[in-house]
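Source file: coords_15.pdb (PDB, C-alpha atoms)
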ATOM      1  CA  MET A   1      -9.002   9.850 -14.121
ATOM      2  CA  SER A   2      -8.852   6.907 -11.710
ATOM      3  CA  LYS A   3     -10.762   6.752  -8.453
ATOM      4  CA  ARG A   4      -8.597   7.687  -5.459
ATOM      5  CA  LEU A   5      -9.262   6.418  -1.929
ATOM      6  CA  VAL A   6      -7.475   7.288   1.316
ATOM      7  CA  VAL A   7      -6.365   4.510   3.683
ATOM      8  CA  GLY A   8      -7.712   5.196   7.167
ATOM      9  CA  LYS A   9     -10.690   7.174   5.812
ATOM     10  CA  ASP A  10     -12.212   5.043   3.033
ATOM     11  CA  ASP A  11     -13.143   1.351   2.852
ATOM     12  CA  VAL A  12     -10.143  -0.579   1.500
ATOM     13  CA  SER A  13     -11.385  -4.072   2.457
ATOM     14  CA  LYS A  14     -11.424  -5.205  -1.186
ATOM     15  CA  TRP A  15      -7.595  -5.099  -1.167
ATOM     16  CA  GLY A  16      -6.625  -5.557   2.490
ATOM     17  CA  ILE A  17      -6.956  -3.855   5.859
ATOM     18  CA  ALA A  18      -6.052  -0.393   7.062
ATOM     19  CA  LEU A  19      -4.016   0.164  10.196
ATOM     20  CA  LEU A  20      -4.625   3.538  11.802
ATOM     21  CA  PHE A  21      -1.911   4.226  14.364
ATOM     22  CA  SER A  22      -3.892   6.458  16.713
ATOM     23  CA  PRO A  23      -5.837   6.162  19.976
ATOM     24  CA  GLY A  24      -9.367   4.822  19.534
ATOM     25  CA  SER A  25      -8.608   2.802  16.414
ATOM     26  CA  ASP A  26      -9.847  -0.805  16.467
ATOM     27  CA  SER A  27      -6.985  -1.822  14.170
ATOM     28  CA  VAL A  28      -4.295  -1.297  16.827
ATOM     29  CA  VAL A  29      -3.553  -2.045  20.469
ATOM     30  CA  VAL A  30      -2.227   1.006  22.333
ATOM     31  CA  THR A  31       0.353   0.917  25.131
ATOM     32  CA  ASN A  32       1.435   4.120  26.873
ATOM     33  CA  GLY A  33       4.455   4.985  28.939
ATOM     34  CA  ASP A  34       6.285   8.010  30.253
ATOM     35  CA  GLY A  35       6.805  10.059  27.093
ATOM     36  CA  TRP A  36       5.806   7.385  24.569
ATOM     37  CA  HIS A  37       2.810   5.732  22.915
ATOM     38  CA  ASP A  38       3.026   2.350  21.193
ATOM     39  CA  PHE A  39       0.553   1.328  18.476
ATOM     40  CA  LYS A  40       0.709  -2.381  17.586
ATOM     41  CA  SER A  41      -1.469  -4.023  14.956
ATOM     42  CA  ALA A  42      -4.375  -5.820  16.637
ATOM     43  CA  ALA A  43      -4.172  -8.646  14.086
ATOM     44  CA  LYS A  44      -1.120 -10.434  12.692
ATOM     45  CA  ILE A  45       0.149  -8.878   9.476
ATOM     46  CA  SER A  46       1.771 -12.087   8.244
ATOM     47  CA  ASP A  47       1.442 -15.853   8.446
ATOM     48  CA  GLY A  48       5.158 -16.411   8.996
ATOM     49  CA  ALA A  49       8.639 -14.920   9.038
ATOM     50  CA  VAL A  50       8.901 -11.638   7.143
ATOM     51  CA  ASN A  51      11.458  -9.297   5.664
ATOM     52  CA  LEU A  52      11.567  -5.557   6.281
ATOM     53  CA  ALA A  53      12.615  -3.339   3.375
ATOM     54  CA  MET A  54      12.708   0.351   2.561
ATOM     55  CA  THR A  55      12.007   1.619  -0.961
ATOM     56  CA  GLN A  56      12.967   5.116  -2.109
ATOM     57  CA  VAL A  57      10.493   6.588  -4.590
ATOM     58  CA  SER A  58       9.958   9.577  -6.844
ATOM     59  CA  VAL A  59       6.952  11.888  -6.808
ATOM     60  CA  LEU A  60       3.702  11.900  -8.798
ATOM     61  CA  PRO A  61       2.536  12.153 -11.487
ATOM     62  CA  LYS A  62       3.520   8.701 -12.767
ATOM     63  CA  ARG A  63       2.089   6.343 -15.355
ATOM     64  CA  ILE A  64       1.520   2.830 -13.979
ATOM     65  CA  GLU A  65       1.893   0.232 -16.722
ATOM     66  CA  ARG A  66       2.613  -2.962 -14.741
ATOM     67  CA  MET A  67       1.632  -4.540 -11.429
ATOM     68  CA  GLU A  68       2.761  -7.492  -9.371
ATOM     69  CA  ARG A  69       1.074  -9.708  -6.799
ATOM     70  CA  HIS A  70       2.185 -12.182  -4.157
ATOM     71  CA  ASP A  71       0.063 -15.298  -3.737
ATOM     72  CA  HIS A  72       2.328 -16.570  -0.942
ATOM     73  CA  THR A  73       2.318 -13.564   1.403
ATOM     74  CA  LYS A  74       0.518 -10.468   2.601
ATOM     75  CA  GLU A  75       2.417  -7.224   2.137
ATOM     76  CA  THR A  76       2.303  -4.261   4.501
ATOM     77  CA  LEU A  77       3.119  -0.756   3.255
ATOM     78  CA  CYS A  78       4.105   1.995   5.721
ATOM     79  CA  PRO A  79       4.952   5.551   4.634
ATOM     80  CA  THR A  80       7.786   7.289   6.460
ATOM     81  CA  ASN A  81       7.653  11.095   6.354
ATOM     82  CA  HIS A  82       5.270  11.811   3.436
ATOM     83  CA  SER A  83       2.086  10.251   2.071
ATOM     84  CA  ILE A  84       2.436   7.645  -0.669
ATOM     85  CA  VAL A  85       0.065   6.408  -3.364
ATOM     86  CA  LEU A  86      -0.133   3.153  -5.330
ATOM     87  CA  GLY A  87      -2.408   1.494  -7.833
ATOM     88  CA  VAL A  88      -4.259  -1.677  -6.808
ATOM     89  CA  CYS A  89      -6.518  -4.205  -8.505
ATOM     90  CA  ALA A  90      -8.525  -6.955  -6.806
ATOM     91  CA  LYS A  91      -7.003 -10.424  -6.536
ATOM     92  CA  GLU A  92      -9.820 -12.196  -8.402
ATOM     93  CA  PHE A  93      -8.493 -10.964 -11.770
ATOM     94  CA  ASP A  94      -5.990 -13.134 -13.684
ATOM     95  CA  VAL A  95      -4.236  -9.975 -14.862
ATOM     96  CA  PRO A  96      -4.679  -6.436 -13.527
ATOM     97  CA  GLU A  97      -7.369  -4.613 -15.510
ATOM     98  CA  THR A  98      -7.021  -0.853 -15.828
ATOM     99  CA  ASP A  99     -10.761  -0.181 -15.508
ATOM    100  CA  GLN A 100     -10.819  -2.158 -12.230
ATOM    101  CA  CYS A 101      -7.830  -0.345 -10.697
ATOM    102  CA  VAL A 102      -8.016   2.194  -7.898
ATOM    103  CA  LEU A 103      -5.386   4.532  -6.501
ATOM    104  CA  LEU A 104      -4.856   4.210  -2.743
ATOM    105  CA  GLU A 105      -3.247   7.040  -0.827
ATOM    106  CA  ILE A 106      -1.529   5.948   2.393
ATOM    107  CA  PRO A 107      -1.025   8.949   4.708
ATOM    108  CA  CYS A 108       1.639   9.018   7.399
ATOM    109  CA  GLY A 109       0.291   7.444  10.578
ATOM    110  CA  THR A 110      -1.446   4.648   8.663
ATOM    111  CA  ALA A 111      -0.419   1.423   6.942
ATOM    112  CA  LEU A 112      -2.025  -0.885   4.417
ATOM    113  CA  VAL A 113      -1.868  -4.660   4.896
ATOM    114  CA  MET A 114      -2.613  -6.027   1.430
ATOM    115  CA  ASP A 115      -4.315  -9.400   1.112
ATOM    116  CA  LYS A 116      -2.423 -12.231  -0.540
ATOM    117  CA  GLY A 117      -2.841 -11.986  -4.306
ATOM    118  CA  THR A 118      -3.718  -8.272  -4.470
ATOM    119  CA  TRP A 119      -2.367  -6.701  -7.647
ATOM    120  CA  HIS A 120      -0.336  -3.558  -6.869
ATOM    121  CA  SER A 121       2.096  -1.094  -8.347
ATOM    122  CA  PRO A 122       5.076   0.420  -6.594
ATOM    123  CA  CYS A 123       4.242   3.368  -4.359
ATOM    124  CA  PHE A 124       5.107   6.960  -5.228
ATOM    125  CA  GLY A 125       5.345  10.130  -3.158
ATOM    126  CA  VAL A 126       2.208  12.273  -3.249
ATOM    127  CA  SER A 127       3.856  15.659  -2.751
ATOM    128  CA  GLU A 128       7.594  14.944  -2.985
ATOM    129  CA  PRO A 129      10.076  12.099  -3.323
ATOM    130  CA  THR A 130      10.053   9.932  -0.206
ATOM    131  CA  GLN A 131      10.541   6.404   1.045
ATOM    132  CA  TYR A 132       8.335   3.719   2.522
ATOM    133  CA  TYR A 133       8.751   0.455   4.387
ATOM    134  CA  TRP A 134       7.310  -2.798   3.131
ATOM    135  CA  ILE A 135       6.986  -5.943   5.200
ATOM    136  CA  ALA A 136       6.439  -9.304   3.495
ATOM    137  CA  THR A 137       7.914 -12.753   3.094
ATOM    138  CA  SER A 138      10.581 -12.395   0.418
ATOM    139  CA  ASP A 139      11.366 -15.841  -0.931
ATOM    140  CA  PRO A 140      13.472 -16.520  -4.061
ATOM    141  CA  ARG A 141      11.160 -19.432  -4.870
ATOM    142  CA  PHE A 142       8.444 -16.830  -5.553
ATOM    143  CA  PRO A 143      10.056 -14.104  -7.701
ATOM    144  CA  SER A 144       8.096 -10.960  -8.471
ATOM    145  CA  GLU A 145       6.621 -10.898 -11.943
ATOM    146  CA  TRP A 146       5.511  -7.500 -13.243
ATOM    147  CA  ILE A 147       2.480  -7.976 -15.512
ATOM    148  CA  PRO A 148       1.233  -5.313 -17.999
ATOM    149  CA  LEU A 149      -2.178  -3.842 -17.212
ATOM    150  CA  ALA A 150      -4.935  -5.042 -19.533
ATOM    151  CA  GLY A 151      -6.549  -1.941 -20.997
ATOM    152  CA  GLY A 152      -3.611   0.457 -20.948
ATOM    153  CA  SER A 153      -1.764   2.411 -18.328
ATOM    154  CA  LEU A 154      -3.131   3.895 -15.113
ATOM    155  CA  GLU A 155      -2.648   7.626 -14.744
ATOM    156  CA  THR A 156      -1.726   9.068 -11.368
ATOM    157  CA  TYR A 157      -1.952  12.682 -10.341
ATOM    158  CA  MET A 158      -0.621  15.111  -7.768
ATOM    159  CA  GLU A 159      -3.727  16.167  -5.852
ATOM    160  CA  THR A 160      -4.207  14.689  -2.436
ATOM    161  CA  GLU A 161      -7.610  13.826  -1.025
ATOM    162  CA  SER A 162      -6.311  13.863   2.530
ATOM    163  CA  ASP A 163      -6.463  17.298   4.107
ATOM    164  CA  SER A 164      -3.467  16.406   6.231
ATOM    165  CA  ASP A 165      -1.704  13.413   7.613
ATOM    166  CA  VAL A 166      -3.913  11.245   9.807
ATOM    167  CA  LEU A 167      -1.821  11.811  12.954
TER     168      LEU A 167
END
Would you give me this structure, written as structure tokens?
Amino acid sequence: MSKRLVVGKDDVSKWGIALLFSPGSDSVVVTNGDGWHDFKSAAKISDGAVNLAMTQVSVLPKRIERMERHDHTKETLCPTNHSIVLGVCAKEFDVPETDQCVLLEIPCGTALVMDKGTWHSPCFGVSEPTQYYWIATSDPRFPSEWIPLAGGSLETYMETESDSDVL
């Protein structure tokens, strides 16, 4: 079984940075108004113009057999109404290696800003089908290439390590 970490609780610096959208978090700047709270990333999530997309996904368990990476852009993943999970592998590998992969759970109220070059799978719903937003530079000059994992597939599972959503 693969190691599973939770964004906002565990160290994810090998693959990117965690944004925790709550008061007291160093990763966001908070602005308050009458009936609203705004949480803006303290650091830029991109080097340039980005695209916003929403992906609809099925629920775990899933077998991850391929990953992609983007050497030209960071990618930010934001769950909508349910936690999501994805497989990641560090950018220093030429191909994603199964024994170096980790599952990252992204609870609602957090986001993951992946470093350029981080190998990653699609996300999947932890407890039910859901959707998530991704923010990245989408450029036809840099098409996504899904590469098979060296060492076989990565197994995912249903259990969640987060007791509840972060917010």
Surrounding residues of segment 17-20 of chain A excluding itself and chain neighbours under 3 positions, 6 Å, all atoms listed in the file, as a list in words = Val7, Gly8, Ser13, Ser27, Thr110, Ala111, Leu112 and Val113 of chain A
Applied to the shown file, which residues does the PyMOL selection byres ((chain A and resi 70) around 6) return, written as a ChimeraX atom specification?
-> /A:69,71-73,116-117
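Residue nearest Gln131 of chain A, chosen from A:Gly24, A:Pro79, A:Pro61, A:Gly48 and counting only C-alpha atoms: A:Pro79.
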Name the residues in contact with Pro122 of chain A at a cut-off of 10 Å, using all atoms listed in the file, excluding same-chain residues fewer than 5 positions from it; report them as a PyMOL selection string.
-> chain A and resi 55+57+64+66-68+84-88
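Using only C-alpha atoms, the shortest contact distance between Tyr132 of chain A and any of A:Leu5, A:Ala53, A:Ala42, A:Leu103 is found at A:Ala53.
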Between atom CA of His82 of chain A and atom CA of Asp99 of chain A, distance in Å (one decimal) | 27.6 Å
So which residues are close to (9.8, 7.8, -3.3), meaning at most 7 Å away in the file's coordinates with all atoms listed in the file counted, and can you show them as a PDB file with C-alpha atoms, in the coordinates of the input?
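Result file follows (point-v8.pdb):
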ATOM      1  CA  THR A  55      12.007   1.619  -0.961  1.00  0.00           C
ATOM      2  CA  GLN A  56      12.967   5.116  -2.109  1.00  0.00           C
ATOM      3  CA  VAL A  57      10.493   6.588  -4.590  1.00  0.00           C
ATOM      4  CA  SER A  58       9.958   9.577  -6.844  1.00  0.00           C
ATOM      5  CA  VAL A  59       6.952  11.888  -6.808  1.00  0.00           C
ATOM      6  CA  PHE A 124       5.107   6.960  -5.228  1.00  0.00           C
ATOM      7  CA  GLY A 125       5.345  10.130  -3.158  1.00  0.00           C
ATOM      8  CA  PRO A 129      10.076  12.099  -3.323  1.00  0.00           C
ATOM      9  CA  THR A 130      10.053   9.932  -0.206  1.00  0.00           C
ATOM     10  CA  GLN A 131      10.541   6.404   1.045  1.00  0.00           C
TER      11      GLN A 131
END
Given the file above and the PyMOL selection byres ((chain A and resi 136-143) around 7), which residues are selected, and can you give them as a list in words?
-> Ala49, Val50, Asn51, Leu52, Thr73, Lys74, Glu75, Thr76, Trp134, Ile135, Ser144 and Glu145 of chain A
Provide the atom CA of Asp10 of chain A to atom CA of Pro107 of chain A distance in Å, to one decimal place.
-> 12.0 Å
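Take the candidates A:Ser25, A:Ser83, A:Ser153, A:Gln100 and check each one against Val6 of chain A using all atoms listed in the file; the shortest distance goes to A:Ser83.
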Using all atoms listed in the file, the residue out of A:Gly109, A:Thr98, A:Gly152, A:Lys62 with shortest distance to Phe39 of chain A is A:Gly109
Any idea what the distance is between atom CA of Gly16 of chain A and atom CA of Val95 of chain A?
-> 18.1 Å
Given the PyMOL selection byres ((chain A and resi 90-93) around 7), the residues it picks as a ChimeraX atom specification | /A:14-15,88-89,94-96,117-119
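With all atoms listed in the file as the atoms that count, the residue of A:Leu104, A:Thr80, A:Leu60, A:Asn32 with the shortest distance to Tyr157 of chain A is A:Leu60.
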If you take every atom of segment 115-124 of chain A that the file lists and fit an axis-aligned box around them with 6 Å extra on each side, what centre and edge lengths come out in Å to one decimal, as lines of an AutoDock Vina configuration file?
center_x = 0.4
center_y = -2.6
center_z = -3.6
size_x = 21.4
size_y = 31.2
size_z = 21.5
Test item: residues at most 9 Å from Glu65 of chain A, all atoms listed in the file, excluding those fewer than 5 positions along its chain, as number ranges by chain | A: 121, 147-149, 152-155
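Nearest-residue note for Cys123 of chain A: choosing from A:Leu77, A:Ser46, A:Trp146, A:Gly151, the minimum distance belongs to A:Leu77, counting all atoms listed in the file.
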For segment 49-73 of chain A, supply N, CA and C atoms and format the output as a PDB file, in the coordinates of the input.
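out.pdb written:
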ATOM      1  N   ALA A  49       7.495 -15.823   8.970  1.00  0.00           N
ATOM      2  CA  ALA A  49       8.639 -14.920   9.038  1.00  0.00           C
ATOM      3  C   ALA A  49       8.586 -13.925   7.880  1.00  0.00           C
ATOM      4  N   VAL A  50       8.978 -12.690   8.155  1.00  0.00           N
ATOM      5  CA  VAL A  50       8.901 -11.638   7.143  1.00  0.00           C
ATOM      6  C   VAL A  50      10.234 -10.922   6.994  1.00  0.00           C
ATOM      7  N   ASN A  51      10.334 -10.189   5.916  1.00  0.00           N
ATOM      8  CA  ASN A  51      11.458  -9.297   5.664  1.00  0.00           C
ATOM      9  C   ASN A  51      10.962  -7.867   5.791  1.00  0.00           C
ATOM     10  N   LEU A  52      11.844  -6.982   6.225  1.00  0.00           N
ATOM     11  CA  LEU A  52      11.567  -5.557   6.281  1.00  0.00           C
ATOM     12  C   LEU A  52      12.449  -4.881   5.243  1.00  0.00           C
ATOM     13  N   ALA A  53      11.859  -4.047   4.410  1.00  0.00           N
ATOM     14  CA  ALA A  53      12.615  -3.339   3.375  1.00  0.00           C
ATOM     15  C   ALA A  53      12.167  -1.889   3.316  1.00  0.00           C
ATOM     16  N   MET A  54      13.048  -1.044   2.806  1.00  0.00           N
ATOM     17  CA  MET A  54      12.708   0.351   2.561  1.00  0.00           C
ATOM     18  C   MET A  54      12.920   0.630   1.078  1.00  0.00           C
ATOM     19  N   THR A  55      11.936   1.261   0.454  1.00  0.00           N
ATOM     20  CA  THR A  55      12.007   1.619  -0.961  1.00  0.00           C
ATOM     21  C   THR A  55      12.002   3.135  -1.079  1.00  0.00           C
ATOM     22  N   GLN A  56      12.926   3.686  -1.834  1.00  0.00           N
ATOM     23  CA  GLN A  56      12.967   5.116  -2.109  1.00  0.00           C
ATOM     24  C   GLN A  56      12.241   5.366  -3.422  1.00  0.00           C
ATOM     25  N   VAL A  57      11.357   6.371  -3.422  1.00  0.00           N
ATOM     26  CA  VAL A  57      10.493   6.588  -4.590  1.00  0.00           C
ATOM     27  C   VAL A  57      10.457   8.043  -5.019  1.00  0.00           C
ATOM     28  N   SER A  58      10.120   8.235  -6.301  1.00  0.00           N
ATOM     29  CA  SER A  58       9.958   9.577  -6.844  1.00  0.00           C
ATOM     30  C   SER A  58       8.521  10.051  -6.627  1.00  0.00           C
ATOM     31  N   VAL A  59       8.232  11.236  -7.075  1.00  0.00           N
ATOM     32  CA  VAL A  59       6.952  11.888  -6.808  1.00  0.00           C
ATOM     33  C   VAL A  59       6.008  11.756  -8.009  1.00  0.00           C
ATOM     34  N   LEU A  60       4.713  11.875  -7.747  1.00  0.00           N
ATOM     35  CA  LEU A  60       3.702  11.900  -8.798  1.00  0.00           C
ATOM     36  C   LEU A  60       3.875  13.153  -9.657  1.00  0.00           C
ATOM     37  N   PRO A  61       3.351  13.190 -10.857  1.00  0.00           N
ATOM     38  CA  PRO A  61       2.536  12.153 -11.487  1.00  0.00           C
ATOM     39  C   PRO A  61       3.412  11.054 -12.098  1.00  0.00           C
ATOM     40  N   LYS A  62       2.869   9.859 -12.160  1.00  0.00           N
ATOM     41  CA  LYS A  62       3.520   8.701 -12.767  1.00  0.00           C
ATOM     42  C   LYS A  62       2.483   7.933 -13.565  1.00  0.00           C
ATOM     43  N   ARG A  63       2.950   7.221 -14.566  1.00  0.00           N
ATOM     44  CA  ARG A  63       2.089   6.343 -15.355  1.00  0.00           C
ATOM     45  C   ARG A  63       2.384   4.911 -14.907  1.00  0.00           C
ATOM     46  N   ILE A  64       1.360   4.210 -14.427  1.00  0.00           N
ATOM     47  CA  ILE A  64       1.520   2.830 -13.979  1.00  0.00           C
ATOM     48  C   ILE A  64       1.157   1.919 -15.147  1.00  0.00           C
ATOM     49  N   GLU A  65       2.106   1.118 -15.580  1.00  0.00           N
ATOM     50  CA  GLU A  65       1.893   0.232 -16.722  1.00  0.00           C
ATOM     51  C   GLU A  65       1.925  -1.241 -16.348  1.00  0.00           C
ATOM     52  N   ARG A  66       2.480  -1.564 -15.175  1.00  0.00           N
ATOM     53  CA  ARG A  66       2.613  -2.962 -14.741  1.00  0.00           C
ATOM     54  C   ARG A  66       2.315  -3.068 -13.247  1.00  0.00           C
ATOM     55  N   MET A  67       1.862  -4.243 -12.843  1.00  0.00           N
ATOM     56  CA  MET A  67       1.632  -4.540 -11.429  1.00  0.00           C
ATOM     57  C   MET A  67       2.147  -5.940 -11.128  1.00  0.00           C
ATOM     58  N   GLU A  68       2.370  -6.175  -9.856  1.00  0.00           N
ATOM     59  CA  GLU A  68       2.761  -7.492  -9.371  1.00  0.00           C
ATOM     60  C   GLU A  68       1.772  -7.934  -8.304  1.00  0.00           C
ATOM     61  N   ARG A  69       1.844  -9.213  -7.942  1.00  0.00           N
ATOM     62  CA  ARG A  69       1.074  -9.708  -6.799  1.00  0.00           C
ATOM     63  C   ARG A  69       1.846 -10.850  -6.173  1.00  0.00           C
ATOM     64  N   HIS A  70       1.510 -11.132  -4.908  1.00  0.00           N
ATOM     65  CA  HIS A  70       2.185 -12.182  -4.157  1.00  0.00           C
ATOM     66  C   HIS A  70       1.120 -13.136  -3.622  1.00  0.00           C
ATOM     67  N   ASP A  71       1.039 -14.312  -4.202  1.00  0.00           N
ATOM     68  CA  ASP A  71       0.063 -15.298  -3.737  1.00  0.00           C
ATOM     69  C   ASP A  71       0.506 -16.001  -2.457  1.00  0.00           C
ATOM     70  N   HIS A  72       1.779 -15.858  -2.092  1.00  0.00           N
ATOM     71  CA  HIS A  72       2.328 -16.570  -0.942  1.00  0.00           C
ATOM     72  C   HIS A  72       2.407 -15.722   0.328  1.00  0.00           C
ATOM     73  N   THR A  73       2.139 -14.422   0.235  1.00  0.00           N
ATOM     74  CA  THR A  73       2.318 -13.564   1.403  1.00  0.00           C
ATOM     75  C   THR A  73       1.441 -12.323   1.334  1.00  0.00           C
TER      76      THR A  73
END
